[in-house]
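Q: Data: data.tsv, TSV, C-alpha atoms.
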```tsv
chain	number	residue	atom	x	y	z
A	13	MET	CA	131.03	-251.68	10.44
A	14	GLY	CA	127.79	-251.44	8.49
A	15	TYR	CA	126.95	-250.50	4.94
A	16	LYS	CA	127.69	-246.86	4.11
A	17	VAL	CA	125.06	-245.35	1.84
A	18	LEU	CA	124.82	-241.85	0.42
A	19	ALA	CA	121.22	-240.70	-0.17
A	20	ILE	CA	120.50	-237.84	-2.59
A	21	ASN	CA	117.18	-236.03	-2.88
A	22	PRO	CA	117.16	-233.15	-5.40
A	23	GLY	CA	114.41	-230.56	-4.97
A	24	SER	CA	113.46	-227.52	-7.00
A	25	THR	CA	115.78	-225.11	-5.12
A	26	SER	CA	117.90	-227.43	-2.97
A	27	THR	CA	119.58	-230.82	-2.86
A	28	LYS	CA	119.27	-232.83	0.35
A	29	ILE	CA	121.98	-235.38	1.05
A	30	ALA	CA	122.50	-237.74	3.96
A	31	LEU	CA	125.15	-240.30	4.79
A	32	PHE	CA	124.07	-243.42	6.64
A	33	ASP	CA	126.08	-246.18	8.30
A	34	ASP	CA	123.40	-248.87	8.38
A	35	ALA	CA	120.56	-247.36	10.46
A	36	THR	CA	122.77	-244.57	11.86
A	37	GLN	CA	122.65	-241.20	10.16
A	38	VAL	CA	126.22	-239.87	10.08
A	39	PHE	CA	125.26	-236.43	8.77
A	40	LYS	CA	122.56	-234.69	6.78
A	41	THR	CA	122.80	-231.48	4.76
A	42	ASN	CA	120.44	-229.34	2.70
A	43	ILE	CA	122.38	-227.64	-0.10
A	44	GLU	CA	120.54	-224.48	-1.15
A	45	HIS	CA	120.51	-223.39	-4.80
A	46	PRO	CA	119.53	-219.70	-5.11
A	47	ASN	CA	117.37	-218.68	-8.05
A	48	SER	CA	120.22	-216.48	-9.27
A	49	GLU	CA	122.27	-219.66	-9.68
A	50	LEU	CA	119.49	-221.79	-11.19
A	51	GLU	CA	118.61	-219.14	-13.75
A	52	LYS	CA	121.92	-219.85	-15.50
A	53	TYR	CA	120.63	-223.23	-16.64
A	54	LYS	CA	118.24	-223.84	-19.50
A	55	GLY	CA	116.70	-227.01	-18.05
A	56	ILE	CA	116.78	-229.36	-15.06
A	57	ALA	CA	119.26	-231.77	-16.68
A	58	ASP	CA	121.70	-228.90	-17.24
A	59	GLN	CA	121.98	-228.48	-13.45
A	60	TYR	CA	123.58	-231.93	-13.11
A	61	GLU	CA	127.23	-230.90	-12.93
A	62	MET	CA	126.59	-228.01	-10.53
A	63	ARG	CA	124.64	-230.18	-8.08
A	64	HIS	CA	127.05	-233.12	-8.45
A	65	ASP	CA	130.05	-230.93	-7.59
A	66	ALA	CA	128.21	-229.33	-4.66
A	67	ILE	CA	127.56	-232.78	-3.18
A	68	LEU	CA	131.19	-233.82	-3.49
A	69	ASP	CA	132.26	-230.54	-1.86
A	70	VAL	CA	129.99	-231.23	1.14
A	71	LEU	CA	131.36	-234.77	1.51
A	72	LYS	CA	134.90	-233.41	1.38
A	73	SER	CA	134.11	-230.72	3.97
A	74	ASN	CA	132.83	-233.50	6.25
A	75	SER	CA	136.12	-235.39	5.77
A	76	PHE	CA	134.38	-238.30	4.07
A	77	ASP	CA	136.08	-240.21	1.26
A	78	VAL	CA	133.61	-241.43	-1.38
A	79	LYS	CA	135.77	-244.57	-1.75
A	80	ASP	CA	134.31	-245.71	1.57
A	81	LEU	CA	130.77	-245.84	0.14
A	82	ASP	CA	128.99	-249.14	-0.48
A	83	ALA	CA	126.15	-247.67	-2.55
A	84	VAL	CA	124.51	-244.43	-3.63
A	85	VAL	CA	120.74	-243.95	-3.83
A	86	GLY	CA	118.80	-241.11	-5.42
A	87	ARG	CA	115.20	-239.96	-5.33
A	88	GLY	CA	113.42	-241.68	-8.22
A	89	GLY	CA	112.28	-239.28	-10.91
A	90	LEU	CA	109.53	-239.10	-13.51
A	91	LEU	CA	110.05	-242.34	-15.40
A	92	PRO	CA	107.40	-244.36	-17.21
A	93	PRO	CA	105.39	-246.38	-14.63
A	94	VAL	CA	107.59	-248.55	-12.38
A	95	LYS	CA	107.08	-250.99	-9.51
A	96	SER	CA	107.59	-250.09	-5.87
A	97	GLY	CA	110.90	-250.77	-4.15
A	98	ALA	CA	114.45	-250.50	-5.50
A	99	TYR	CA	115.68	-250.19	-9.06
A	100	ARG	CA	119.32	-250.47	-9.98
A	101	VAL	CA	120.28	-247.37	-11.95
A	102	ASN	CA	121.57	-248.22	-15.42
A	103	GLN	CA	122.53	-246.21	-18.49
A	104	LEU	CA	119.07	-246.66	-20.01
A	105	MET	CA	117.45	-245.04	-16.96
A	106	VAL	CA	119.97	-242.20	-16.97
A	107	ASP	CA	119.39	-241.52	-20.67
A	108	ARG	CA	115.61	-241.51	-20.20
A	109	LEU	CA	115.74	-239.07	-17.28
A	110	ARG	CA	118.29	-236.84	-18.95
A	111	ASN	CA	116.80	-236.70	-22.44
A	112	ASN	CA	113.15	-237.77	-22.31
A	113	PRO	CA	111.59	-237.71	-18.82
A	114	VAL	CA	107.83	-238.05	-18.50
A	115	VAL	CA	107.84	-234.64	-16.77
A	116	GLU	CA	110.67	-232.17	-16.14
A	117	HIS	CA	111.32	-232.33	-12.39
A	118	ALA	CA	114.32	-231.90	-10.10
A	119	SER	CA	113.91	-235.46	-8.79
A	120	ASN	CA	115.03	-236.69	-12.22
A	121	LEU	CA	118.56	-235.73	-11.20
A	122	GLY	CA	118.56	-238.22	-8.31
A	123	ALA	CA	119.39	-241.22	-10.47
A	124	ILE	CA	121.70	-239.27	-12.79
A	125	ILE	CA	123.89	-237.94	-9.97
A	126	SER	CA	123.87	-241.23	-8.05
A	127	PHE	CA	125.03	-243.13	-11.13
A	128	SER	CA	127.77	-240.61	-11.86
A	129	ILE	CA	129.20	-240.94	-8.32
A	130	ALA	CA	128.84	-244.73	-8.03
A	131	GLU	CA	129.92	-245.89	-11.50
A	132	PRO	CA	133.61	-244.80	-11.27
A	133	LEU	CA	133.80	-246.43	-7.82
A	134	GLY	CA	132.48	-249.77	-9.07
A	135	ILE	CA	129.59	-249.73	-6.57
A	136	PRO	CA	125.85	-249.92	-7.26
A	137	SER	CA	123.48	-246.99	-7.47
A	138	PHE	CA	119.73	-247.21	-6.94
A	139	ILE	CA	116.49	-245.32	-6.87
A	140	TYR	CA	113.84	-246.34	-4.35
A	141	ASP	CA	110.06	-245.88	-4.48
A	142	SER	CA	110.12	-243.49	-7.39
A	143	VAL	CA	107.53	-240.76	-7.82
A	144	ALA	CA	106.43	-242.89	-10.80
A	145	VAL	CA	105.49	-246.00	-8.78
A	146	ASP	CA	102.33	-247.37	-10.40
A	147	GLU	CA	100.70	-250.48	-8.97
A	148	MET	CA	97.13	-249.35	-9.52
A	149	GLU	CA	94.67	-252.02	-10.54
A	150	PRO	CA	93.11	-251.63	-14.02
A	151	ILE	CA	89.68	-250.84	-12.57
A	152	ALA	CA	91.17	-247.87	-10.71
A	153	LYS	CA	92.45	-246.20	-13.90
A	154	ILE	CA	89.12	-245.81	-15.73
A	155	THR	CA	87.53	-242.36	-16.02
A	156	GLY	CA	84.35	-241.21	-17.74
A	157	ILE	CA	86.31	-239.80	-20.67
A	158	LYS	CA	87.88	-242.36	-23.01
A	159	GLN	CA	90.98	-240.28	-23.70
A	160	ILE	CA	91.78	-239.75	-20.01
A	161	ARG	CA	93.07	-242.41	-17.64
A	162	ARG	CA	94.09	-241.93	-14.03
A	163	SER	CA	97.82	-241.93	-13.29
A	164	SER	CA	99.64	-242.89	-10.12
A	165	PHE	CA	101.53	-239.88	-8.79
A	166	ALA	CA	101.73	-239.74	-4.99
A	167	HIS	CA	104.22	-239.38	-2.13
A	168	ALA	CA	105.17	-243.04	-2.58
A	169	LEU	CA	108.59	-242.88	-0.90
A	170	ASN	CA	107.45	-241.58	2.47
A	171	MET	CA	104.11	-243.37	2.44
A	172	ARG	CA	105.59	-246.81	1.80
A	173	ALA	CA	108.38	-246.17	4.32
A	174	VAL	CA	105.97	-245.46	7.16
A	175	ALA	CA	103.80	-248.40	6.09
A	176	ILE	CA	106.80	-250.77	6.22
A	177	LYS	CA	107.72	-249.34	9.64
A	178	THR	CA	104.17	-249.78	10.96
A	179	ALA	CA	103.96	-253.35	9.69
A	180	LYS	CA	107.25	-254.17	11.39
A	181	GLU	CA	106.02	-252.68	14.66
A	182	MET	CA	102.94	-254.90	14.35
A	183	GLY	CA	105.20	-257.94	14.05
A	184	LYS	CA	104.57	-258.78	10.41
A	185	GLU	CA	105.45	-257.69	6.86
A	186	LEU	CA	103.75	-255.11	4.69
A	187	LYS	CA	102.20	-257.81	2.50
A	188	ASP	CA	100.23	-259.07	5.51
A	189	PHE	CA	98.14	-255.90	5.89
A	190	ASN	CA	95.77	-253.46	4.26
A	191	PHE	CA	96.82	-249.90	5.12
A	192	ILE	CA	95.56	-246.46	4.11
A	193	VAL	CA	98.36	-243.89	4.24
A	194	THR	CA	97.96	-240.15	3.79
A	195	HIS	CA	100.86	-237.72	3.44
A	196	LEU	CA	100.21	-234.19	4.68
A	197	GLY	CA	102.70	-231.71	3.25
A	198	GLY	CA	102.75	-228.83	0.77
A	199	GLY	CA	100.79	-231.28	-1.34
A	200	ILE	CA	98.50	-233.94	0.11
A	201	SER	CA	98.01	-237.42	-1.29
A	202	ALA	CA	96.80	-240.76	0.01
A	203	CYS	CA	97.06	-244.38	-1.00
A	204	VAL	CA	95.63	-247.74	-0.09
A	205	ILE	CA	98.22	-250.50	0.25
A	206	LYS	CA	96.73	-253.94	-0.25
A	207	ASN	CA	98.98	-256.91	0.49
A	208	GLY	CA	102.07	-254.78	-0.06
A	209	LYS	CA	101.00	-252.95	-3.24
A	210	MET	CA	99.69	-249.42	-3.76
A	211	VAL	CA	96.55	-250.48	-5.61
A	212	ASP	CA	94.86	-247.07	-5.65
A	213	ILE	CA	95.58	-243.48	-4.69
A	214	VAL	CA	94.05	-240.08	-4.15
A	215	SER	CA	96.52	-237.75	-5.85
A	216	ASP	CA	97.14	-234.13	-4.95
A	217	ASP	CA	94.90	-232.95	-7.81
A	218	GLU	CA	91.91	-235.19	-7.16
A	219	GLY	CA	91.51	-235.05	-3.39
A	220	PRO	CA	91.80	-232.54	-0.54
A	221	PHE	CA	93.21	-229.07	-1.00
A	222	SER	CA	96.54	-228.49	0.74
A	223	PRO	CA	98.76	-225.56	1.73
A	224	GLU	CA	99.65	-224.83	-1.91
A	225	ARG	CA	97.38	-226.97	-4.12
A	226	SER	CA	93.75	-226.64	-5.02
A	227	GLY	CA	92.86	-230.33	-4.86
A	228	ARG	CA	89.63	-231.56	-6.43
A	229	ILE	CA	87.62	-228.79	-8.12
A	230	PRO	CA	84.08	-229.15	-9.56
A	231	ALA	CA	84.61	-229.92	-13.26
A	232	LYS	CA	82.15	-227.36	-14.67
A	233	GLU	CA	83.60	-224.55	-12.58
A	234	MET	CA	87.11	-225.63	-13.54
A	235	MET	CA	86.14	-225.55	-17.22
A	236	ASN	CA	84.78	-222.02	-16.87
A	237	LEU	CA	87.97	-220.92	-15.11
A	238	CYS	CA	90.12	-222.43	-17.86
A	239	TYR	CA	88.24	-220.49	-20.54
A	240	SER	CA	88.44	-217.22	-18.63
A	241	GLN	CA	92.11	-217.32	-17.61
A	242	ASP	CA	95.48	-217.88	-19.25
A	243	LYS	CA	96.75	-221.47	-18.97
A	244	ALA	CA	99.76	-220.43	-16.88
A	245	VAL	CA	97.49	-218.65	-14.38
A	246	VAL	CA	95.23	-221.68	-13.99
A	247	LYS	CA	98.21	-224.02	-13.67
A	248	LYS	CA	99.57	-221.90	-10.83
A	249	LEU	CA	96.18	-221.91	-9.09
A	250	LEU	CA	96.23	-225.70	-9.17
A	251	ARG	CA	99.78	-226.02	-7.86
A	252	GLY	CA	101.47	-223.16	-6.02
A	253	LYS	CA	98.76	-220.59	-5.44
A	254	GLY	CA	95.85	-222.84	-4.53
A	255	GLY	CA	94.71	-224.26	-1.20
A	256	LEU	CA	95.63	-222.28	1.90
A	257	VAL	CA	97.51	-219.75	-0.24
A	258	SER	CA	94.33	-218.93	-2.16
A	259	LEU	CA	91.99	-219.12	0.83
A	260	LEU	CA	94.09	-217.56	3.60
A	261	GLY	CA	97.13	-216.00	1.93
A	262	THR	CA	99.73	-218.34	3.43
A	263	ASN	CA	101.19	-221.78	2.73
A	264	SER	CA	102.14	-222.26	6.38
A	265	ALA	CA	99.97	-224.50	8.53
A	266	LEU	CA	101.66	-222.93	11.56
A	267	ASP	CA	100.50	-219.48	10.44
A	268	VAL	CA	96.96	-220.78	10.05
A	269	GLU	CA	96.99	-222.33	13.52
A	270	LYS	CA	98.17	-219.01	14.94
A	271	MET	CA	95.26	-217.28	13.17
A	272	ILE	CA	92.91	-219.78	14.78
A	273	ALA	CA	94.48	-219.25	18.22
A	274	ASP	CA	93.96	-215.49	17.74
A	275	GLY	CA	90.24	-216.05	17.17
A	276	ASP	CA	90.03	-216.03	13.35
A	277	GLU	CA	86.84	-218.02	12.68
A	278	ASN	CA	87.33	-218.07	8.90
A	279	ALA	CA	90.78	-219.60	9.31
A	280	LYS	CA	89.28	-222.24	11.60
A	281	LEU	CA	86.59	-223.05	9.04
A	282	VAL	CA	89.11	-223.36	6.18
A	283	TYR	CA	91.54	-225.50	8.20
A	284	SER	CA	88.68	-227.70	9.37
A	285	ALA	CA	87.56	-228.04	5.74
A	286	MET	CA	91.03	-229.32	4.82
A	287	ALA	CA	90.79	-231.97	7.56
A	288	TYR	CA	87.25	-232.79	6.39
A	289	GLN	CA	88.44	-233.37	2.82
A	290	ILE	CA	91.43	-235.46	3.95
A	291	ALA	CA	89.05	-237.67	5.92
A	292	LYS	CA	86.78	-238.00	2.87
A	293	GLY	CA	89.76	-239.21	0.82
A	294	ILE	CA	90.58	-241.83	3.44
A	295	GLY	CA	86.95	-243.00	3.47
A	296	GLU	CA	86.99	-243.19	-0.33
A	297	LEU	CA	90.01	-245.48	-0.30
A	298	ALA	CA	88.50	-247.73	2.38
A	299	THR	CA	85.95	-248.93	-0.17
A	300	VAL	CA	88.76	-250.30	-2.37
A	301	VAL	CA	89.45	-253.06	0.18
A	302	ASP	CA	85.78	-253.50	1.18
A	303	GLY	CA	86.40	-251.65	4.43
A	304	GLU	CA	88.94	-254.23	5.58
A	305	VAL	CA	91.56	-251.74	6.76
A	306	ASP	CA	94.11	-252.70	9.41
A	307	ARG	CA	95.50	-249.23	10.09
A	308	ILE	CA	95.16	-245.65	8.85
A	309	ILE	CA	98.59	-243.99	8.87
A	310	VAL	CA	98.98	-240.20	8.85
A	311	THR	CA	102.41	-238.83	7.95
A	312	GLY	CA	104.13	-235.71	6.59
A	313	GLY	CA	104.97	-232.38	8.20
A	314	ILE	CA	101.38	-231.38	9.03
A	315	ALA	CA	100.96	-234.66	10.93
A	316	TYR	CA	102.66	-232.82	13.81
A	317	SER	CA	99.51	-230.69	14.12
A	318	LYS	CA	97.22	-231.94	16.90
A	319	PHE	CA	94.38	-229.81	15.54
A	320	MET	CA	94.63	-231.46	12.12
A	321	THR	CA	95.24	-235.05	13.21
A	322	SER	CA	92.52	-235.04	15.88
A	323	ALA	CA	90.02	-233.62	13.37
A	324	ILE	CA	90.90	-236.35	10.87
A	325	GLU	CA	90.92	-239.14	13.45
A	326	LYS	CA	87.49	-238.15	14.75
A	327	ARG	CA	86.00	-238.80	11.31
A	328	VAL	CA	87.87	-241.97	10.29
A	329	LYS	CA	88.54	-243.94	13.48
A	330	PHE	CA	85.40	-246.01	12.84
A	331	ILE	CA	87.22	-247.49	9.81
A	332	ALA	CA	90.44	-248.53	11.59
A	333	PRO	CA	92.86	-247.38	14.31
A	334	VAL	CA	94.87	-244.29	13.35
A	335	VAL	CA	98.67	-244.29	13.59
A	336	LEU	CA	100.59	-241.00	13.51
A	337	VAL	CA	104.08	-240.98	11.97
A	338	PRO	CA	104.78	-237.26	11.60
A	339	GLY	CA	107.56	-235.80	9.50
A	340	GLU	CA	109.08	-236.52	6.13
A	341	ASN	CA	111.30	-239.58	6.37
A	342	GLU	CA	112.55	-239.54	2.80
A	343	MET	CA	116.30	-239.71	3.41
A	344	GLU	CA	115.92	-242.58	5.87
A	345	ALA	CA	113.52	-244.32	3.47
A	346	LEU	CA	116.01	-244.09	0.61
A	347	SER	CA	118.95	-245.37	2.64
A	348	GLN	CA	117.16	-248.13	4.52
A	349	GLY	CA	115.55	-249.44	1.34
A	350	THR	CA	119.01	-249.60	-0.24
A	351	ILE	CA	120.51	-251.33	2.79
A	352	ARG	CA	117.76	-253.97	2.66
A	353	VAL	CA	118.85	-254.67	-0.92
A	354	LEU	CA	122.54	-254.84	0.03
A	355	LYS	CA	121.68	-257.29	2.84
A	356	GLY	CA	119.66	-259.49	0.50
A	357	GLU	CA	116.36	-258.75	2.26
A	358	GLU	CA	114.93	-257.19	-0.92
A	359	GLU	CA	115.71	-257.66	-4.59
A	360	ALA	CA	116.31	-254.67	-6.84
A	361	HIS	CA	114.43	-254.45	-10.13
A	362	GLU	CA	116.25	-253.94	-13.42
A	363	TYR	CA	114.99	-250.95	-15.40
A	364	THR	CA	113.92	-251.80	-18.95
A	365	GLU	CA	111.70	-250.21	-21.58
A	366	ALA	CA	109.54	-252.44	-23.79
```
Output the file's structure as C-alpha cells, nothing else.

A:
Amino acid sequence: MGYKVLAINPGSTSTKIALFDDATQVFKTNIEHPNSELEKYKGIADQYEMRHDAILDVLKSNSFDVKDLDAVVGRGGLLPPVKSGAYRVNQLMVDRLRNNPVVEHASNLGAIISFSIAEPLGIPSFIYDSVAVDEMEPIAKITGIKQIRRSSFAHALNMRAVAIKTAKEMGKELKDFNFIVTHLGGGISACVIKNGKMVDIVSDDEGPFSPERSGRIPAKEMMNLCYSQDKAVVKKLLRGKGGLVSLLGTNSALDVEKMIADGDENAKLVYSAMAYQIAKGIGELATVVDGEVDRIIVTGGIAYSKFMTSAIEKRVKFIAPVVLVPGENEMEALSQGTIRVLKGEEEAHEYTEA
C-alpha cells in the first residue's frame, strides 16, 4: 500500500478535494458553495468551518476513514514571499493566513483546513508551490518608479508540476534545464525556470489578455481610465470583465472558437491577438536566459485548443521545441509533491517570519 494523501484546493465558490494512494487517484470531488451560502460569512476566514465540515462529509460518504491518511496538503495561499516546493504547515502559517494574509483569497483556507484535519491525527500537513512563490532575481523586480517593485504572482503550482513532468520525461531533473512555461486559463501567466527556479514571470496583469483579464494596458490610457471611472469599475475591468469578456462578451474560449467556425472575422482577430500576445510574453522571457531555452511548455485548459496552440507555436518554435501539457493538474501536483516529501525525495521547508 502506498501513501494516502488528501489534497484540498479551495476556490472562490467551490472546494476541490482529491484522495490519492501514491500516484493513483482514488476519487476527486468539487464541492460547490452557492453564493446564498457564502453571503452568510463576513470574510474568507469565516468560511473555514463550513468548508472543513463539507470535506469531512464527502470523505464519509465515500466510506473513507481520515485515520487512514498519511498526510494532508492544501493549496498555498497569499503568504509573504516563499520558496517553491513544500512547506510544512505550522501554527504561525495558520495564524498569518487567518488573521493577516497578504491578500484575502479562498486559497488561504488550504493550509488552515489541512492543518485542522491533520493535527488531531498526528500526521503532517503541507502546502505546495504556493501562489506566493517568489524566486525572482533582484534585477527582475526593478521598475521605473521607485515606490513600485514587481511581485511574483503566477500559476506556480501547475506550471512547476508540468515542468517537473517534462524534465522527468527528458531523463533528467528540473534543475538541469531552462524552461519557459505558460498557463492558459481564465487568467494567463508565464514563467522562465532556470536551473529549477522561477527566476522571472509574466503575470496576468503585465502580459497577454485572457478570457477574463485585461492583461498589459498602455500606462497613459490606463491612467485616464482610472481618473474617469470608479475604482471598483476599473478593478473589475482588469480582472473579471476584461479580455474576451470585454472584447467579445464571453469568457469561454469554446464560445469564441464557435464564433470563428461560424465565420466571425472579429472573433478570429481577437483570438489571434490573444495568441500573438502570449507568444510575445514567451519571447520576452527567452531573453532572461540569453535565448538558451530547452523547452517551451504550454499548459492550462486553453492548451486543449489546436487553434490557440498552433498559433503560439508558429511564432515561438524558433526559440525552442514546444511541449503541450493541456489541463489543470493542480490536485495531482499537490499530492505528488507531498508524496515526494514523504518518500524523502524532497525536503519540506519550515515556515518562519523574520

Q: Would you mind reading off the distance between CA of Pro338 in chain A and CA of Lys177 in chain A, one decimal, in Å?

A: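 Separation of CA of Pro338 in chain A and CA of Lys177 in chain A: 12.6 Å.
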
Q: Taking the point (120.3, -242.3, -16.5) as given in the file, collect each protein or nucleic acid residue that comes within 8 Å of it, counting all atoms listed in the file, and present the set as a ChimeraX atom specification.

A: /A:101-110,123-124,127

Q: Can I get the residues of range 254-292 of chain A within 10 Å of range 218-224 of chain A, each with the closest pair of atoms and their distance in Å to one decimal, using only C-alpha atoms, sorted chain first then ascending number, as CSV?

A:
```
residue,atom,partner,partner_atom,distance
A:Gly254,CA,A:Glu224,CA,5.0
A:Gly255,CA,A:Ser222,CA,5.0
A:Leu256,CA,A:Pro223,CA,4.5
A:Val257,CA,A:Glu224,CA,5.8
A:Ser258,CA,A:Glu224,CA,7.9
A:Leu259,CA,A:Pro223,CA,9.4
A:Leu260,CA,A:Pro223,CA,9.5
A:Gly261,CA,A:Pro223,CA,9.7
A:Thr262,CA,A:Pro223,CA,7.5
A:Asn263,CA,A:Pro223,CA,4.6
A:Ser264,CA,A:Pro223,CA,6.6
A:Ala265,CA,A:Pro223,CA,7.0
A:Val268,CA,A:Pro223,CA,9.8
A:Tyr283,CA,A:Ser222,CA,9.5
A:Ala285,CA,A:Pro220,CA,8.8
A:Met286,CA,A:Phe221,CA,6.2
A:Ala287,CA,A:Pro220,CA,8.2
A:Tyr288,CA,A:Pro220,CA,8.3
A:Gln289,CA,A:Pro220,CA,4.8
A:Ile290,CA,A:Pro220,CA,5.4
A:Ala291,CA,A:Pro220,CA,8.7
A:Lys292,CA,A:Pro220,CA,8.2
```

Q: Counting only C-alpha atoms, figure out which residue out of A:Ala130, A:Ala57, A:Ile157, A:Val353 gets nearest to Gly97 in chain A.

A: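 So, comparing all the options, the nearest one is A:Val353.
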
Q: Smallest atom-to-atom distance to Ile125 in chain A: which of A:Ile294, A:Ile309, A:Met62, A:Leu90, using all atoms listed in the file?

A: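 When distances to Ile125 in chain A are compared using all atoms listed in the file, the smallest one comes from A:Met62.
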
Q: One decimal, in Å: what's the spacing between CA of Gly197 in chain A and CA of Phe39 in chain A?

A: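 Straight-line distance from CA of Gly197 in chain A to CA of Phe39 in chain A works out to 23.7 Å.
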
Q: For Ala173 in chain A, which residue out of A:Gly295, A:Gly86, A:Gly208, A:Pro333 is the nearest one, using all atoms listed in the file?

A: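 Checking each of A:Gly295, A:Gly86, A:Gly208, A:Pro333 against Ala173 in chain A, counting all atoms listed in the file, the winner is A:Gly208.
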
Q: Smallest atom-to-atom distance to Glu147 in chain A: which of A:Ala168, A:Ile160, A:Leu121, A:Met210, using all atoms listed in the file?

A: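 So, comparing all the options, the nearest one is A:Met210.
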
Q: Between A:Asn278, A:Val94, A:Glu357, A:Gly89, single out the one closest to Asn112 in chain A, counting all atoms listed in the file.

A: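 Closest to Asn112 in chain A, using all atoms listed in the file: A:Gly89.
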
Q: So how far away is CA of His195 in chain A from CA of Asn170 in chain A, in Å?

A: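 Value for the CA of Asn170 in chain A-CA of His195 in chain A distance: 7.7 Å.
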
Q: Which residues come within 12 Å of Phe191 in chain A, counting only C-alpha atoms, excluding same-chain residues fewer than 2 positions away, as a ChimeraX atom specification?

A: /A:171-172,174-179,185-189,193-194,202-213,294,297-298,300-301,303-310,331-335

Q: Taking (119.6, -249.6, 0.0) in the coordinates of the supplied file, I want to know which residues reach to within 12 Å of it, counting all atoms listed in the file; could you give the answer as a PyMOL selection string?

A: chain A and resi 14-19+31-35+81-87+97-100+135-141+343-360

Q: Let me make sure I understand: among A:Thr321, A:Ala152, A:Glu51, A:His64, which one has the smallest atom-to-atom distance to Ile129 in chain A if we use all atoms listed in the file?

A: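 Closest residue, counting all atoms listed in the file: A:His64.
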
Q: Find the residues around range 162-167 of chain A up to 7 Å (all atoms listed in the file counted), leave out those fewer than 5 positions away in its own chain, and share them as a PyMOL selection string.

A: chain A and resi 143-146+148+153-155+195+201+213+215

Q: Quick one: range 277-293 of chain A with N, CA and C atoms, as a compact mmCIF listing (two decimals), keeping the file's coordinate frame?

A:
```
# COMPACT_ATOMS: atom_id res chain seq x y z
N GLU A 277 87.82 -216.96 12.94
CA GLU A 277 86.84 -218.02 12.68
C GLU A 277 86.90 -218.52 11.24
N ASN A 278 87.22 -217.64 10.30
CA ASN A 278 87.33 -218.07 8.90
C ASN A 278 88.50 -219.02 8.72
N ALA A 279 89.62 -218.71 9.37
CA ALA A 279 90.78 -219.60 9.31
C ALA A 279 90.44 -220.97 9.89
N LYS A 280 89.68 -220.97 10.97
CA LYS A 280 89.28 -222.24 11.60
C LYS A 280 88.39 -223.04 10.66
N LEU A 281 87.48 -222.37 9.97
CA LEU A 281 86.59 -223.05 9.04
C LEU A 281 87.38 -223.65 7.88
N VAL A 282 88.31 -222.89 7.31
CA VAL A 282 89.11 -223.36 6.18
C VAL A 282 89.99 -224.54 6.60
N TYR A 283 90.65 -224.43 7.74
CA TYR A 283 91.54 -225.50 8.20
C TYR A 283 90.74 -226.76 8.53
N SER A 284 89.56 -226.57 9.09
CA SER A 284 88.68 -227.70 9.37
C SER A 284 88.20 -228.34 8.08
N ALA A 285 87.98 -227.52 7.04
CA ALA A 285 87.56 -228.04 5.74
C ALA A 285 88.66 -228.90 5.12
N MET A 286 89.92 -228.52 5.34
CA MET A 286 91.03 -229.32 4.82
C MET A 286 91.04 -230.68 5.51
N ALA A 287 90.86 -230.71 6.82
CA ALA A 287 90.79 -231.97 7.56
C ALA A 287 89.60 -232.81 7.09
N TYR A 288 88.47 -232.14 6.87
CA TYR A 288 87.25 -232.79 6.39
C TYR A 288 87.50 -233.50 5.06
N GLN A 289 88.18 -232.79 4.14
CA GLN A 289 88.44 -233.37 2.82
C GLN A 289 89.48 -234.49 2.89
N ILE A 290 90.46 -234.37 3.77
CA ILE A 290 91.43 -235.46 3.95
C ILE A 290 90.71 -236.72 4.43
N ALA A 291 89.81 -236.54 5.39
CA ALA A 291 89.05 -237.67 5.92
C ALA A 291 88.18 -238.30 4.83
N LYS A 292 87.57 -237.48 3.97
CA LYS A 292 86.78 -238.00 2.87
C LYS A 292 87.63 -238.87 1.94
N GLY A 293 88.86 -238.42 1.68
CA GLY A 293 89.76 -239.21 0.82
C GLY A 293 90.09 -240.56 1.43
```
